[in-house]
$ cat coords-v9.cif   # mmCIF, C-alpha atoms; chains and numbers go by the auth columns
data_query
#
loop_
_atom_site.group_PDB
_atom_site.id
_atom_site.type_symbol
_atom_site.label_atom_id
_atom_site.label_comp_id
_atom_site.label_asym_id
_atom_site.label_seq_id
_atom_site.Cartn_x
_atom_site.Cartn_y
_atom_site.Cartn_z
_atom_site.B_iso_or_equiv
_atom_site.auth_seq_id
_atom_site.auth_asym_id
ATOM 1 C CA MET A 1 -217.138 155.740 79.639 0.00 1 G
ATOM 2 C CA VAL A 2 -216.322 156.561 76.044 0.00 2 G
ATOM 3 C CA VAL A 3 -213.148 158.318 77.180 0.00 3 G
ATOM 4 C CA ILE A 4 -211.988 155.228 79.093 0.00 4 G
ATOM 5 C CA LYS A 5 -212.605 153.012 76.048 0.00 5 G
ATOM 6 C CA LEU A 6 -210.642 155.397 73.860 0.00 6 G
ATOM 7 C CA ILE A 7 -207.747 155.607 76.315 0.00 7 G
ATOM 8 C CA VAL A 8 -207.513 151.807 76.658 0.00 8 G
ATOM 9 C CA ILE A 9 -207.527 151.290 72.887 0.00 9 G
ATOM 10 C CA LEU A 10 -204.953 154.041 72.275 0.00 10 G
ATOM 11 C CA LEU A 11 -202.666 152.671 74.994 0.00 11 G
ATOM 12 C CA GLY A 12 -203.028 149.185 73.538 0.00 12 G
ATOM 13 C CA ALA A 13 -202.142 150.411 70.070 0.00 13 G
ATOM 14 C CA ALA A 14 -199.137 152.354 71.374 0.00 14 G
ATOM 15 C CA PHE A 15 -197.778 149.430 73.383 0.00 15 G
ATOM 16 C CA LEU A 16 -198.385 147.075 70.462 0.00 16 G
ATOM 17 C CA LEU A 17 -196.512 149.317 68.022 0.00 17 G
ATOM 18 C CA PHE A 18 -193.575 150.025 70.307 0.00 18 G
ATOM 19 C CA GLY A 19 -193.335 146.371 71.317 0.00 19 G
ATOM 20 C CA TYR A 20 -193.339 145.326 67.666 0.00 20 G
ATOM 21 C CA TRP A 21 -190.689 147.879 66.747 0.00 21 G
ATOM 22 C CA ILE A 22 -188.446 146.872 69.642 0.00 22 G
ATOM 23 C CA ARG A 23 -188.881 143.092 69.506 0.00 23 G
ATOM 24 C CA PHE A 24 -189.177 142.347 65.805 0.00 24 G
ATOM 25 C CA ARG A 25 -187.597 145.367 64.079 0.00 25 G
ATOM 26 C CA LYS A 26 -184.719 145.605 66.603 0.00 26 G
ATOM 27 C CA LYS A 27 -185.143 149.358 67.178 0.00 27 G
ATOM 28 C CA TYR A 28 -183.510 149.298 70.589 0.00 28 G
ATOM 29 C CA HIS A 29 -183.034 153.067 70.618 0.00 29 G
ATOM 30 C CA LEU A 30 -186.706 153.321 71.659 0.00 30 G
ATOM 31 C CA ILE A 31 -185.712 152.056 75.123 0.00 31 G
ATOM 32 C CA ASN A 32 -184.536 154.951 77.283 0.00 32 G
ATOM 33 C CA GLY A 33 -180.837 154.735 78.103 0.00 33 G
ATOM 34 C CA PHE A 34 -180.372 151.354 76.439 0.00 34 G
ATOM 35 C CA LYS A 35 -177.522 152.426 74.160 0.00 35 G
ATOM 36 C CA ALA A 36 -175.420 153.736 77.051 0.00 36 G
ATOM 37 C CA ASP A 37 -176.188 150.704 79.234 0.00 37 G
ATOM 38 C CA TYR A 38 -175.415 148.353 76.338 0.00 38 G
ATOM 39 C CA GLN A 39 -172.054 149.998 75.691 0.00 39 G
ATOM 40 C CA ALA A 40 -171.233 149.873 79.403 0.00 40 G
ATOM 41 C CA GLY A 41 -172.127 146.175 79.513 0.00 41 G
ATOM 42 C CA ARG A 42 -174.990 146.543 81.984 0.00 42 G
ATOM 43 C CA LYS A 43 -177.680 145.369 79.549 0.00 43 G
ATOM 44 C CA ASP A 44 -177.684 143.052 76.559 0.00 44 G
ATOM 45 C CA GLU A 45 -179.927 142.349 73.569 0.00 45 G
ATOM 46 C CA ARG A 46 -181.910 139.748 75.530 0.00 46 G
ATOM 47 C CA TYR A 47 -183.039 142.521 77.877 0.00 47 G
ATOM 48 C CA ALA A 48 -184.258 144.605 74.941 0.00 48 G
ATOM 49 C CA GLU A 49 -186.071 141.617 73.430 0.00 49 G
ATOM 50 C CA ARG A 50 -187.818 140.925 76.747 0.00 50 G
ATOM 51 C CA VAL A 51 -188.882 144.560 77.061 0.00 51 G
ATOM 52 C CA GLY A 52 -190.220 144.468 73.501 0.00 52 G
ATOM 53 C CA MET A 53 -192.124 141.244 74.099 0.00 53 G
ATOM 54 C CA ILE A 54 -193.657 142.532 77.335 0.00 54 G
ATOM 55 C CA GLU A 55 -194.832 145.697 75.594 0.00 55 G
ATOM 56 C CA PHE A 56 -196.140 143.708 72.625 0.00 56 G
ATOM 57 C CA VAL A 57 -198.167 141.332 74.804 0.00 57 G
ATOM 58 C CA LEU A 58 -199.426 144.179 76.985 0.00 58 G
ATOM 59 C CA GLY A 59 -200.578 145.985 73.852 0.00 59 G
ATOM 60 C CA ILE A 60 -202.504 142.936 72.658 0.00 60 G
ATOM 61 C CA VAL A 61 -204.161 142.548 76.063 0.00 61 G
ATOM 62 C CA LEU A 62 -205.169 146.209 76.235 0.00 62 G
ATOM 63 C CA LEU A 63 -206.571 146.141 72.702 0.00 63 G
ATOM 64 C CA VAL A 64 -208.638 143.056 73.475 0.00 64 G
ATOM 65 C CA ILE A 65 -209.937 144.640 76.679 0.00 65 G
ATOM 66 C CA GLY A 66 -210.830 147.817 74.777 0.00 66 G
ATOM 67 C CA ILE A 67 -212.677 145.869 72.102 0.00 67 G
ATOM 68 C CA LEU A 68 -214.537 143.889 74.750 0.00 68 G
ATOM 69 C CA PHE A 69 -215.501 147.154 76.452 0.00 69 G
ATOM 70 C CA ILE A 70 -216.927 148.409 73.192 0.00 70 G
ATOM 71 C CA ILE A 71 -218.890 145.209 72.560 0.00 71 G
ATOM 72 C CA PHE A 72 -220.282 144.596 76.036 0.00 72 G
ATOM 73 C CA ILE A 73 -220.498 148.016 77.681 0.00 73 G
#

$ encode --input "coords-v9.cif" --output "structure tokens"
Amino acid sequence: MVVIKLIVILLGAAFLLFGYWIRFRKKYHLINGFKADYQAGRKDERYAERVGMIEFVLGIVLLVIGILFIIFI
């Protein structure tokens, strides 16, 4: 059970960091293939901001779940 708690917290932290870097620091190069798709006109900055926000929120959710696991289990 300890391994599951650790994995959930590490995944949450990773998603939170990458989401923050993409959404708020505008490091779009962290999205695979974004630069080529952006130059070809297939994707725009709104797409990158949505990906960053989804990762950021998912990271928060996973961190909260991990903390709740630690407290209650």

$ atom_distance --input "coords-v9.cif" --atom1 "CA of Ala13 (chain G)" --atom2 "CA of Ile60 (chain G)"
7.9 Å

$ resolve_selection --input "coords-v9.cif" --expression "the PyMOL selection byres ((chain G and resi 15) around 8)" --output "short mmCIF file (atom, residue, chain, number, x, y, z; two decimals) with C-alpha atoms, in the coordinates of the input"
data_model
loop_
_atom_site.label_atom_id
_atom_site.label_comp_id
_atom_site.auth_asym_id
_atom_site.auth_seq_id
_atom_site.Cartn_x
_atom_site.Cartn_y
_atom_site.Cartn_z
CA LEU G 11 -202.67 152.67 74.99
CA GLY G 12 -203.03 149.18 73.54
CA ALA G 13 -202.14 150.41 70.07
CA ALA G 14 -199.14 152.35 71.37
CA LEU G 16 -198.38 147.07 70.46
CA LEU G 17 -196.51 149.32 68.02
CA PHE G 18 -193.58 150.02 70.31
CA GLY G 19 -193.34 146.37 71.32
CA GLU G 55 -194.83 145.70 75.59
CA PHE G 56 -196.14 143.71 72.62
CA LEU G 58 -199.43 144.18 76.98
CA GLY G 59 -200.58 145.99 73.85
#

$ atom_distance --input "coords-v9.cif" --atom1 "CA of Glu49 (chain G)" --atom2 "CA of Phe24 (chain G)"
8.3 Å

$ atom_distance --input "coords-v9.cif" --atom1 "CA of Gln39 (chain G)" --atom2 "CA of Tyr20 (chain G)"
23.2 Å

$ resolve_selection --input "coords-v9.cif" --expression "the PyMOL selection byres ((chain G and resi 73) around 12)" --output "JSON, numbers by chain"
{"G": [1, 2, 4, 5, 65, 66, 67, 68, 69, 70, 71, 72]}

$ resolve_selection --input "coords-v9.cif" --expression "the PyMOL selection byres ((chain G and resi 31) around 9)" --output "PyMOL selection string"
chain G and resi 22+27-30+32-35+48+51-52

$ axis_aligned_box --input "coords-v9.cif" --around "region 25-43 of chain G" --padding-each-side "5 Å" --output "lines of an AutoDock Vina configuration file"
center_x = -179.4
center_y = 150.2
center_z = 73.0
size_x = 26.4
size_y = 19.6
size_z = 27.9

$ closest_residue --input "coords-v9.cif" --among "G:Lys43, G:Val57, G:Leu10, G:Val3" --to "Arg23 (chain G)" --atoms "only C-alpha atoms"
G:Val57

$ build_atoms --input "coords-v9.cif" --residues "region 28-51 of chain G" --atoms "N, CA and C atoms" --output "tab-separated table (two decimals), keeping the file's coordinate frame"
chain	number	residue	atom	x	y	z
G	28	TYR	N	-183.79	149.23	69.17
G	28	TYR	CA	-183.51	149.30	70.59
G	28	TYR	C	-183.36	150.73	71.10
G	29	HIS	N	-183.18	151.68	70.19
G	29	HIS	CA	-183.03	153.07	70.62
G	29	HIS	C	-184.33	153.61	71.22
G	30	LEU	N	-185.44	152.90	71.07
G	30	LEU	CA	-186.71	153.32	71.66
G	30	LEU	C	-186.75	153.08	73.17
G	31	ILE	N	-185.80	152.31	73.68
G	31	ILE	CA	-185.71	152.06	75.12
G	31	ILE	C	-184.79	153.12	75.71
G	32	ASN	N	-185.31	153.86	76.68
G	32	ASN	CA	-184.54	154.95	77.28
G	32	ASN	C	-183.25	154.45	77.91
G	33	GLY	N	-182.13	155.03	77.51
G	33	GLY	CA	-180.84	154.74	78.10
G	33	GLY	C	-180.25	153.39	77.71
G	34	PHE	N	-180.87	152.69	76.78
G	34	PHE	CA	-180.37	151.35	76.44
G	34	PHE	C	-179.00	151.41	75.78
G	35	LYS	N	-178.79	152.36	74.89
G	35	LYS	CA	-177.52	152.43	74.16
G	35	LYS	C	-176.35	152.60	75.12
G	36	ALA	N	-176.49	153.50	76.08
G	36	ALA	CA	-175.42	153.74	77.05
G	36	ALA	C	-175.21	152.52	77.94
G	37	ASP	N	-176.30	151.90	78.40
G	37	ASP	CA	-176.19	150.70	79.23
G	37	ASP	C	-175.61	149.53	78.46
G	38	TYR	N	-175.94	149.43	77.18
G	38	TYR	CA	-175.42	148.35	76.34
G	38	TYR	C	-173.91	148.52	76.15
G	39	GLN	N	-173.48	149.75	75.89
G	39	GLN	CA	-172.05	150.00	75.69
G	39	GLN	C	-171.27	149.80	76.98
G	40	ALA	N	-171.90	150.07	78.12
G	40	ALA	CA	-171.23	149.87	79.40
G	40	ALA	C	-171.28	148.42	79.86
G	41	GLY	N	-172.06	147.59	79.17
G	41	GLY	CA	-172.13	146.18	79.51
G	41	GLY	C	-173.15	145.84	80.58
G	42	ARG	N	-173.99	146.80	80.95
G	42	ARG	CA	-174.99	146.54	81.98
G	42	ARG	C	-176.21	145.82	81.45
G	43	LYS	N	-176.52	146.01	80.17
G	43	LYS	CA	-177.68	145.37	79.55
G	43	LYS	C	-177.26	144.75	78.23
G	44	ASP	N	-177.99	143.70	77.82
G	44	ASP	CA	-177.68	143.05	76.56
G	44	ASP	C	-178.93	143.02	75.68
G	45	GLU	N	-178.82	142.39	74.51
G	45	GLU	CA	-179.93	142.35	73.57
G	45	GLU	C	-181.09	141.52	74.10
G	46	ARG	N	-180.82	140.54	74.94
G	46	ARG	CA	-181.91	139.75	75.53
G	46	ARG	C	-182.83	140.63	76.36
G	47	TYR	N	-182.24	141.58	77.08
G	47	TYR	CA	-183.04	142.52	77.88
G	47	TYR	C	-183.98	143.31	76.96
G	48	ALA	N	-183.45	143.82	75.87
G	48	ALA	CA	-184.26	144.60	74.94
G	48	ALA	C	-185.36	143.75	74.31
G	49	GLU	N	-185.06	142.50	73.99
G	49	GLU	CA	-186.07	141.62	73.43
G	49	GLU	C	-187.17	141.32	74.45
G	50	ARG	N	-186.80	141.17	75.71
G	50	ARG	CA	-187.82	140.93	76.75
G	50	ARG	C	-188.70	142.15	76.93
G	51	VAL	N	-188.10	143.33	76.93
G	51	VAL	CA	-188.88	144.56	77.06
G	51	VAL	C	-189.85	144.68	75.89
